[in-house]
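Text of model23.cif, listed as mmCIF, C-alpha atoms and all ligand atoms:
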data_query
loop_
_atom_site.label_atom_id
_atom_site.label_comp_id
_atom_site.auth_asym_id
_atom_site.auth_seq_id
_atom_site.Cartn_x
_atom_site.Cartn_y
_atom_site.Cartn_z
CA MET A 1 54.97 94.01 96.34
CA ASN A 2 57.07 92.21 98.94
CA ASN A 3 56.89 92.96 102.66
CA PHE A 4 59.39 95.54 103.90
CA ILE A 5 60.35 97.80 106.77
CA TYR A 6 61.59 101.26 105.85
CA TYR A 7 63.67 103.19 108.35
CA ASN A 8 66.12 105.98 107.67
CA PRO A 9 67.19 108.18 110.58
CA THR A 10 69.55 110.53 108.70
CA ARG A 11 68.61 114.21 108.70
CA LEU A 12 69.32 115.72 105.29
CA VAL A 13 70.40 119.37 105.31
CA PHE A 14 70.49 120.63 101.73
CA GLY A 15 71.48 123.90 100.06
CA LYS A 16 73.78 126.88 99.71
CA GLY A 17 75.60 127.99 102.82
CA THR A 18 74.38 125.08 104.95
CA ILE A 19 77.85 124.11 106.23
CA ALA A 20 77.49 127.08 108.60
CA ARG A 21 74.71 125.16 110.37
CA LEU A 22 77.22 122.63 111.72
CA SER A 23 77.64 124.39 115.03
CA LYS A 24 73.92 124.05 115.80
CA LEU A 25 73.56 120.51 114.46
CA ILE A 26 76.37 119.00 116.55
CA PRO A 27 75.37 118.88 120.23
CA ALA A 28 77.39 121.21 122.47
CA GLY A 29 80.16 119.70 124.58
CA LYS A 30 81.14 116.98 122.11
CA ARG A 31 84.79 116.08 121.50
CA ILE A 32 84.78 115.85 117.71
CA LEU A 33 87.15 113.96 115.42
CA VAL A 34 86.90 115.61 111.98
CA THR A 35 88.03 113.28 109.19
CA PHE A 36 89.27 114.24 105.72
CA GLY A 37 90.65 112.77 102.52
CA GLY A 38 93.77 113.89 100.69
CA GLY A 39 93.29 117.65 100.78
CA SER A 40 90.75 118.71 98.12
CA VAL A 41 88.80 120.49 100.88
CA ARG A 42 91.74 122.80 101.54
CA LYS A 43 91.65 124.06 97.94
CA ASN A 44 87.90 124.57 97.53
CA GLY A 45 87.19 126.41 100.77
CA VAL A 46 85.24 123.57 102.44
CA TYR A 47 87.90 123.14 105.16
CA ASP A 48 87.67 126.86 106.02
CA GLN A 49 83.88 126.75 106.15
CA VAL A 50 83.90 123.70 108.43
CA THR A 51 86.58 125.14 110.69
CA LYS A 52 84.71 128.42 111.04
CA ALA A 53 81.43 126.66 111.75
CA LEU A 54 83.06 124.54 114.48
CA GLU A 55 84.70 127.42 116.33
CA GLY A 56 84.18 126.90 120.04
CA HIS A 57 83.80 123.11 119.69
CA GLU A 58 86.58 120.87 120.95
CA ARG A 59 87.90 119.14 117.83
CA PHE A 60 90.75 117.09 116.42
CA GLU A 61 91.62 116.32 112.81
CA PHE A 62 92.46 113.10 110.99
CA TRP A 63 93.72 113.47 107.39
CA GLY A 64 94.43 110.95 104.68
CA ILE A 65 91.39 108.70 104.24
CA GLU A 66 92.16 107.57 100.72
CA PRO A 67 89.84 106.71 97.79
CA ASN A 68 88.66 103.13 98.46
CA PRO A 69 89.38 103.58 102.17
CA SER A 70 91.53 100.92 103.78
CA VAL A 71 91.29 99.25 107.14
CA GLU A 72 94.99 100.07 107.56
CA THR A 73 94.14 103.82 107.58
CA VAL A 74 91.06 103.27 109.74
CA ARG A 75 93.21 101.57 112.41
CA GLU A 76 95.34 104.74 112.68
CA ALA A 77 92.25 106.92 113.05
CA VAL A 78 90.75 104.63 115.70
CA ALA A 79 94.00 104.92 117.69
CA LEU A 80 93.85 108.73 117.47
CA GLY A 81 90.18 108.76 118.44
CA ARG A 82 90.91 106.61 121.52
CA GLU A 83 93.84 108.80 122.53
CA LYS A 84 91.77 111.99 122.26
CA GLN A 85 88.66 110.35 123.79
CA VAL A 86 86.39 111.69 121.07
CA ASP A 87 82.65 111.09 121.26
CA PHE A 88 81.47 112.43 117.87
CA LEU A 89 82.84 112.10 114.33
CA LEU A 90 82.41 114.44 111.36
CA ALA A 91 83.36 113.14 107.91
CA VAL A 92 84.17 115.87 105.38
CA GLY A 93 84.59 114.43 101.89
CA GLY A 94 83.28 111.92 99.37
CA GLY A 95 82.05 108.36 99.83
CA SER A 96 85.51 107.16 100.81
CA VAL A 97 85.91 109.57 103.71
CA ILE A 98 82.36 108.81 104.83
CA ASP A 99 82.78 105.02 104.57
CA GLY A 100 86.13 105.13 106.38
CA THR A 101 84.52 107.24 109.10
CA LYS A 102 81.70 104.72 109.47
CA LEU A 103 84.27 102.06 110.33
CA ILE A 104 86.15 104.45 112.63
CA ALA A 105 82.85 105.15 114.45
CA ALA A 106 82.19 101.41 114.83
CA GLY A 107 85.84 100.60 115.57
CA LEU A 108 85.86 103.05 118.49
CA CYS A 109 83.10 100.98 120.13
CA TYR A 110 84.79 97.63 119.46
CA GLU A 111 87.60 95.91 121.36
CA GLY A 112 89.07 93.88 118.47
CA ASP A 113 90.42 94.78 115.04
CA PRO A 114 88.02 96.84 112.86
CA TRP A 115 88.39 94.32 110.00
CA GLU A 116 86.42 91.86 112.16
CA ILE A 117 83.44 94.23 111.95
CA VAL A 118 83.75 94.26 108.15
CA LEU A 119 83.88 90.46 108.06
CA LYS A 120 80.78 90.22 110.27
CA GLY A 121 79.05 92.50 107.78
CA GLN A 122 77.28 94.42 110.52
CA ALA A 123 78.30 96.98 113.15
CA SER A 124 76.61 96.45 116.50
CA ALA A 125 77.55 99.80 118.06
CA GLN A 126 79.14 103.04 116.90
CA LEU A 127 79.83 106.59 117.98
CA PRO A 128 77.41 109.15 116.57
CA PHE A 129 78.71 110.73 113.38
CA ALA A 130 77.68 113.16 110.65
CA THR A 131 78.91 114.14 107.20
CA VAL A 132 79.62 117.11 104.96
CA LEU A 133 79.38 115.57 101.48
CA THR A 134 81.71 116.85 98.74
CA LEU A 135 81.13 114.27 95.97
CA PRO A 136 77.66 113.07 94.90
CA ALA A 137 77.93 109.38 94.03
CA THR A 138 77.67 106.72 96.69
CA GLY A 139 74.63 107.65 98.77
CA SER A 140 76.76 106.83 101.82
CA GLU A 141 75.65 110.16 103.31
CA MET A 142 72.16 108.72 103.81
CA ASN A 143 72.58 104.96 104.06
CA SER A 144 74.01 102.50 106.54
CA GLY A 145 76.60 100.81 104.32
CA ALA A 146 80.34 101.22 103.96
CA VAL A 147 82.84 99.54 101.66
CA ILE A 148 86.34 98.98 103.05
CA SER A 149 89.49 97.69 101.38
CA ARG A 150 92.27 95.66 102.92
CA HIS A 151 95.53 96.23 101.07
CA GLU A 152 97.43 93.29 102.51
CA THR A 153 94.98 90.80 100.96
CA ARG A 154 93.63 92.97 98.07
CA GLU A 155 90.06 92.55 99.33
CA LYS A 156 87.15 94.98 99.25
CA ARG A 157 84.06 94.26 101.35
CA ALA A 158 80.90 95.97 102.58
CA PHE A 159 79.39 96.16 106.05
CA TYR A 160 76.16 97.75 107.28
CA GLY A 161 74.50 99.25 110.36
CA THR A 162 75.92 102.79 110.50
CA TYR A 163 73.65 105.72 109.52
CA PRO A 164 74.94 109.29 109.77
CA GLN A 165 73.00 111.41 112.26
CA PHE A 166 72.85 114.18 109.67
CA SER A 167 74.42 115.03 106.34
CA ILE A 168 75.04 118.46 104.87
CA LEU A 169 74.74 118.71 101.07
CA ASP A 170 75.77 122.05 99.60
CA PRO A 171 75.82 121.71 95.79
CA GLU A 172 78.34 124.57 95.51
CA VAL A 173 81.07 122.33 96.93
CA THR A 174 80.84 120.17 93.79
CA TYR A 175 82.15 122.99 91.55
CA SER A 176 85.75 121.93 92.25
CA LEU A 177 85.21 118.31 91.21
CA PRO A 178 87.36 117.06 88.32
CA LYS A 179 85.32 115.98 85.28
CA ARG A 180 86.29 112.33 85.75
CA GLN A 181 84.97 112.25 89.32
CA ILE A 182 81.66 113.72 88.12
CA ALA A 183 81.50 111.09 85.36
CA CYS A 184 82.15 108.30 87.86
CA GLY A 185 79.59 109.80 90.27
CA LEU A 186 76.93 109.93 87.54
CA ALA A 187 77.71 106.33 86.52
CA ASP A 188 77.57 105.16 90.15
CA THR A 189 74.20 106.88 90.65
CA PHE A 190 72.80 105.40 87.42
CA VAL A 191 73.93 101.88 88.30
CA HIS A 192 72.64 102.14 91.90
CA VAL A 193 69.21 102.65 90.38
CA LEU A 194 69.67 99.79 87.90
CA GLU A 195 70.66 97.40 90.71
CA GLN A 196 67.28 98.03 92.35
CA TYR A 197 65.19 98.48 89.20
CA LEU A 198 66.47 96.25 86.39
CA THR A 199 65.26 93.00 87.94
CA THR A 200 61.68 91.74 87.78
CA THR A 201 58.54 93.41 86.43
CA GLY A 202 55.23 93.64 88.22
CA GLN A 203 56.49 94.19 91.77
CA SER A 204 55.75 97.87 92.32
CA ARG A 205 54.61 100.57 89.94
CA VAL A 206 55.59 103.37 92.27
CA MET A 207 59.14 102.06 92.85
CA GLY A 208 59.51 101.64 89.08
CA ARG A 209 58.40 105.19 88.37
CA TRP A 210 60.55 106.61 91.15
CA ALA A 211 63.62 104.78 89.84
CA GLU A 212 62.87 105.92 86.29
CA GLY A 213 62.57 109.51 87.57
CA ILE A 214 66.13 109.35 88.89
CA LEU A 215 67.44 107.68 85.71
CA HIS A 216 65.82 110.39 83.54
CA THR A 217 67.27 113.11 85.74
CA VAL A 218 70.80 111.68 85.59
CA VAL A 219 70.64 111.41 81.79
CA GLU A 220 69.27 114.96 81.54
CA VAL A 221 71.78 116.67 83.84
CA ALA A 222 74.87 114.69 82.78
CA PRO A 223 76.06 116.91 79.85
CA ARG A 224 75.66 120.11 81.85
CA ALA A 225 77.20 118.64 85.02
CA LEU A 226 80.23 117.64 82.94
CA SER A 227 80.45 120.97 81.10
CA GLY A 228 82.19 122.74 83.96
CA GLU A 229 79.56 125.51 83.92
CA HIS A 230 79.00 125.37 87.70
CA ASP A 231 75.26 125.62 87.29
CA TYR A 232 73.68 125.47 90.74
CA ASP A 233 70.39 123.87 89.71
CA THR A 234 72.14 121.21 87.62
CA MET A 235 74.50 120.29 90.44
CA SER A 236 71.59 120.30 92.93
CA ASP A 237 69.69 117.74 90.86
CA TYR A 238 72.82 115.65 90.38
CA MET A 239 73.56 115.74 94.11
CA LEU A 240 70.03 114.88 95.23
CA SER A 241 69.73 112.13 92.59
CA ALA A 242 72.86 110.46 93.98
CA THR A 243 71.44 110.50 97.50
CA LEU A 244 67.98 109.27 96.46
CA ALA A 245 69.49 106.47 94.36
CA LEU A 246 70.90 104.73 97.42
CA ASN A 247 69.07 105.82 100.55
CA ASP A 248 66.74 102.78 100.49
CA MET A 249 63.77 104.73 99.11
CA ILE A 250 63.59 103.06 95.69
CA ARG A 251 63.94 99.51 97.01
CA MET A 252 60.77 99.23 99.08
CA GLY A 253 59.09 95.91 98.39
CA VAL A 254 61.16 95.02 95.32
CA THR A 255 63.94 92.51 94.64
CA GLN A 256 67.49 93.75 94.09
CA ASP A 257 70.44 92.67 92.00
CA TRP A 258 73.90 94.07 93.08
CA ALA A 259 75.89 91.55 90.99
CA THR A 260 77.43 94.39 88.95
CA HIS A 261 78.63 96.04 92.16
CA MET A 262 80.09 92.86 93.62
CA ILE A 263 82.05 92.20 90.40
CA GLY A 264 83.04 95.89 90.23
CA HIS A 265 84.45 95.79 93.78
CA GLU A 266 86.73 92.94 92.71
CA LEU A 267 88.01 95.01 89.75
CA THR A 268 88.82 97.84 92.16
CA ALA A 269 90.47 95.48 94.64
CA LEU A 270 92.63 93.90 91.94
CA HIS A 271 93.36 96.92 89.71
CA GLY A 272 92.59 100.05 91.73
CA LEU A 273 90.01 101.11 89.12
CA THR A 274 87.68 103.87 90.40
CA HIS A 275 84.35 102.49 91.63
CA GLY A 276 82.06 104.24 89.10
CA ALA A 277 84.44 103.31 86.28
CA THR A 278 84.13 99.60 87.11
CA LEU A 279 80.33 99.83 86.95
CA ALA A 280 80.34 101.51 83.52
CA ILE A 281 82.18 98.43 82.26
CA VAL A 282 80.29 95.66 84.07
CA ALA A 283 76.67 96.90 83.96
CA CYS A 284 76.11 96.16 80.27
CA GLY A 285 77.82 92.76 80.63
CA THR A 286 75.28 91.87 83.32
CA MET A 287 72.47 92.90 80.96
CA ARG A 288 73.90 90.85 78.08
CA VAL A 289 74.31 87.65 80.09
CA LEU A 290 71.07 87.92 82.09
CA ARG A 291 68.92 89.32 79.26
CA ASP A 292 66.39 86.46 79.42
CA GLN A 293 65.93 86.72 83.17
CA LYS A 294 65.67 90.54 82.93
CA HIS A 295 63.64 90.44 79.69
CA GLY A 296 60.53 92.31 80.83
CA LYS A 297 62.41 94.96 82.76
CA LEU A 298 64.89 95.54 79.92
CA LEU A 299 61.93 96.24 77.62
CA GLN A 300 60.42 98.65 80.16
CA PHE A 301 63.79 100.36 80.74
CA GLY A 302 64.41 100.67 77.00
CA GLU A 303 61.00 102.11 76.28
CA ARG A 304 60.68 104.48 79.22
CA ILE A 305 64.28 105.74 79.47
CA TRP A 306 65.59 105.54 75.91
CA GLY A 307 62.29 105.67 73.98
CA ILE A 308 62.94 102.32 72.24
CA ALA A 309 59.53 100.95 71.31
CA ASP A 310 59.84 99.58 67.74
CA GLY A 311 61.02 96.20 66.46
CA THR A 312 60.90 92.72 67.91
CA GLU A 313 61.46 92.31 71.65
CA GLU A 314 64.97 90.91 71.10
CA GLU A 315 65.87 93.82 68.79
CA ARG A 316 64.58 96.29 71.36
CA ILE A 317 66.72 94.68 74.06
CA ASP A 318 69.80 94.76 71.80
CA ARG A 319 69.26 98.48 71.20
CA THR A 320 68.58 99.16 74.87
CA ILE A 321 71.90 97.62 75.92
CA ALA A 322 73.77 99.41 73.12
CA ARG A 323 72.12 102.73 74.09
CA THR A 324 73.11 102.26 77.74
CA GLU A 325 76.71 101.55 76.76
CA GLU A 326 76.66 104.68 74.61
CA PHE A 327 75.47 106.70 77.62
CA PHE A 328 78.43 105.54 79.71
CA ARG A 329 80.77 106.36 76.81
CA SER A 330 79.22 109.83 76.57
CA LEU A 331 80.42 110.39 80.14
CA GLY A 332 83.97 109.72 78.91
CA LEU A 333 84.22 106.34 80.62
CA SER A 334 85.53 103.02 79.29
CA THR A 335 82.88 100.35 78.75
CA ARG A 336 85.17 97.42 77.97
CA LEU A 337 87.77 95.60 80.09
CA SER A 338 90.23 95.63 77.20
CA GLN A 339 90.25 99.46 77.27
CA GLU A 340 91.68 99.19 80.78
CA GLY A 341 94.14 96.42 79.87
CA ILE A 342 92.21 93.85 81.92
CA GLY A 343 91.83 90.31 80.61
CA GLU A 344 91.70 86.60 81.32
CA ALA A 345 93.96 86.54 84.40
CA THR A 346 91.61 88.88 86.26
CA ILE A 347 88.51 87.02 85.08
CA ALA A 348 90.00 83.76 86.38
CA GLU A 349 90.86 85.33 89.75
CA ILE A 350 87.35 86.79 90.22
CA GLU A 351 85.79 83.44 89.29
CA ARG A 352 88.11 81.72 91.77
CA ARG A 353 87.23 84.18 94.57
CA PHE A 354 83.46 83.86 94.00
CA ASN A 355 83.73 80.06 93.93
CA ALA A 356 85.91 79.95 97.06
CA GLU A 357 83.26 81.95 98.95
CA GLY A 358 80.38 80.01 97.43
CA VAL A 359 78.51 83.24 96.59
CA ALA A 360 75.52 83.58 94.28
CA TYR A 361 74.52 87.22 93.73
CA GLY A 362 71.72 88.88 91.80
CA GLU A 363 67.95 89.01 92.12
CA ALA A 364 67.70 85.31 91.29
CA GLY A 365 70.71 84.28 93.38
CA ASN A 366 72.41 82.82 90.32
CA VAL A 367 75.49 84.97 89.74
CA THR A 368 78.07 82.41 90.81
CA GLY A 369 81.74 82.34 89.86
CA ALA A 370 80.86 80.76 86.51
CA VAL A 371 78.22 83.41 85.70
CA ALA A 372 80.55 86.23 86.82
CA ARG A 373 83.06 84.83 84.31
CA ARG A 374 80.46 85.00 81.52
CA ILE A 375 79.54 88.57 82.51
CA LEU A 376 83.19 89.65 82.44
CA GLU A 377 83.78 87.86 79.14
CA ALA A 378 80.81 89.79 77.77
CA CYS A 379 82.64 93.07 78.57
CA LEU A 380 86.01 92.21 77.06
O1 LIG B 1 90.62 112.82 99.06
P1 LIG B 1 90.30 114.16 98.56
O2 LIG B 1 91.49 115.04 98.46
O3 LIG B 1 89.16 114.81 99.28
O4 LIG B 1 89.87 114.01 96.99
C1 LIG B 1 88.78 113.20 96.56
C2 LIG B 1 89.24 111.88 95.97
O5 LIG B 1 90.53 111.97 95.44
C3 LIG B 1 88.13 113.88 95.40
N1 LIG B 1 87.09 114.84 95.80
C4 LIG B 1 86.03 114.61 96.61
N2 LIG B 1 85.26 115.73 96.67
C5 LIG B 1 85.88 116.67 95.91
C6 LIG B 1 87.04 116.10 95.35
N3 LIG B 1 87.88 116.79 94.55
C7 LIG B 1 87.56 118.08 94.28
N4 LIG B 1 86.43 118.68 94.76
C8 LIG B 1 85.57 118.01 95.57
N5 LIG B 1 84.44 118.61 96.00
O6 LIG B 1 87.52 112.83 94.67
C9 LIG B 1 88.29 111.66 94.80
C10 LIG B 1 87.40 110.45 94.97
O7 LIG B 1 86.69 110.53 96.18
P2 LIG B 1 85.94 109.23 96.78
O8 LIG B 1 85.38 109.63 98.09
O9 LIG B 1 86.84 108.06 96.70
O10 LIG B 1 84.78 109.01 95.71
P3 LIG B 1 83.32 108.41 95.90
O11 LIG B 1 82.45 109.37 96.61
O12 LIG B 1 82.91 107.96 94.58
O13 LIG B 1 83.51 107.15 96.88
C11 LIG B 1 83.95 105.91 96.39
C12 LIG B 1 83.97 104.87 97.49
O14 LIG B 1 82.66 104.62 98.01
C13 LIG B 1 82.34 103.23 97.88
C14 LIG B 1 83.15 102.81 96.70
O15 LIG B 1 83.30 101.42 96.63
C15 LIG B 1 84.46 103.53 96.95
O16 LIG B 1 85.24 102.86 97.90
N6 LIG B 1 80.88 103.02 97.80
C16 LIG B 1 80.18 103.22 98.93
C17 LIG B 1 78.83 102.94 98.99
C18 LIG B 1 78.06 103.14 100.23
N7 LIG B 1 78.70 103.44 101.33
O17 LIG B 1 76.87 102.98 100.25
C19 LIG B 1 78.08 102.42 97.84
C20 LIG B 1 78.80 102.56 96.56
O18 LIG B 1 78.28 101.60 95.66
C21 LIG B 1 80.28 102.41 96.64
O19 LIG B 1 80.64 101.03 96.64
ZN ZN B 2 78.17 102.14 93.72
#
Could you show the structure in this file as structure tokens?
Amino acid sequence: MNNFIYYNPTRLVFGKGTIARLSKLIPAGKRILVTFGGGSVRKNGVYDQVTKALEGHERFEFWGIEPNPSVETVREAVALGREKQVDFLLAVGGGSVIDGTKLIAAGLCYEGDPWEIVLKGQASAQLPFATVLTLPATGSEMNSGAVISRHETREKRAFYGTYPQFSILDPEVTYSLPKRQIACGLADTFVHVLEQYLTTTGQSRVMGRWAEGILHTVVEVAPRALSGEHDYDTMSDYMLSATLALNDMIRMGVTQDWATHMIGHELTALHGLTHGATLAIVACGTMRVLRDQKHGKLLQFGERIWGIADGTEEERIDRTIARTEEFFRSLGLSTRLSQEGIGEATIAEIERRFNAEGVAYGEAGNVTGAVARRILEACL
């Protein structure tokens, strides 16, 4: 096991009816900027619950943080926050509203343009903020990262350093989610675990088992979560799995990959494809191209998650990758670039961007532009 420091300051408030606790969780006397997406919270009652819970608090609203939040929108919110002299932010929505709010919180403590914070990759100061999560997927409610797009240059980049003070997770708010958002949320959760698990064997038994516990849970709850049954226990396990997959708990002392995510962000930046949908396409391509490097972990993953224990090692790996692709397809997601009409032009552009930045992602630091090309070609 490698050395590590674990620190996570976010208070997790989980369960039915917990939005009502907002008034006690936010310190009295704060001037609050409440941030929202495109309006789903008006239809499912979340807006009413938040408004009721915040009665008596001084608050202002910012609407319109879009999926794949843009710095252009964040700039507008920072201007409003300055004008109203807010000193606390509350994000009500999915990962996009939360990520956008993270940059608003940092942007309000920064003189220059918020995009400079994204380019630095790290926020040095931010206003305190909290979240009411409405879409289990990103883990943003309990981690310090945010991913921001810039429309003018078709870029999508991550920065770190902003943890929510607390996050409220009421599984009942997920009942209004469209099936496709649930599918993308399940895929995102699954691939977050793979990015921290499907690397090298022999680093940590407990991290391996913990990761496998989340993978098993996602596979088990997926059909019911997608059935539209609104089963509270199913949605609770889905919601908590998404948080645990990316709140730093399964990465203690182990190496991480993240190549699939970095390639996926480019597909979103260039084609607007939903985040989880990009991962369902790229993840198996990463496995195909890096199968030798990931050999031992692919065998472990295949045996422990899919029960694949017979045949030669290469046959087992073939079946493991095929079984994983089948899982993504069972969610109703595409697993090939061609299904989304994406081809050589995009592959060439992603290779060019990776080369221009001189990046090398993955647990072995070898996913360069050329390797990203091979991965994308393996998902055509
Ligand atoms: O905008 P509204 O009207 O609220 O509708 C949203 C949006 O259209 C809707 N929605 C959310 N909760 C709902 C609901 N509809 C009905 N009922 C509800 N309860 O769902 C749509 C998608 O929402 P979005 O927030 O975009 O989805 P998600 O949570 O998947 O967030 C995706 C963003 O997070 C980034 C992604 O790259 C992408 O930009 N990520 C952030 C990470 C992080 N901060 O750690 C890590 C991830 O890997 C990811 O990159
Ligand atoms: Zn993700």
Discussion item. Can you tell me which residues surround region 26-28 of chain A at a distance of at most 12 Å, considering all atoms listed in the file, apart from same-chain residues fewer than 5 positions away, and format the answer as a ChimeraX atom specification?
Written reply: /A:19-21,33-34,53-59,87-90,128-131,164-168
Discussion item. Let me make sure I understand: among A:Pro69, A:Gly15, A:Gly64, A:Gly139, which one has the smallest atom-to-atom distance to ligand ZN 2 (chain B) if we use all atoms listed in the file?
Written reply: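 Distance minimum relative to ligand ZN 2 (chain B) lands on A:Gly139.
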Fill in: Expected selection as an MDAnalysis selection string for ligand LIG 1 (chain B) within 8 Å, all atoms listed in the file
chainID A and resid 36:41 44 64:69 92:99 133:141 143:149 156 158 173:178 181 184:185 188 192 246 261 265 268 274:276
Discussion item. Measuring between only C-alpha atoms and all ligand atoms, which one of A:Gly296, A:Gly264, A:Gly358, A:Gly112 shows the shortest distance to ligand ZN 2 (chain B)?
Written reply: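 For ligand ZN 2 (chain B), the nearest of the candidates is A:Gly264.
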Discussion item. I'd like to know which of A:Arg82, A:Ser23, A:Glu172, A:Val193 is closest to ligand ZN 2 (chain B), using only C-alpha atoms and all ligand atoms.
Written reply: A:Val193
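Of the listed residues A:Arg352, A:Arg329, A:Lys294, A:Arg157, the one whose atoms come nearest to Gly121 (chain A) is A:Arg157, with distances taken using all atoms listed in the file.
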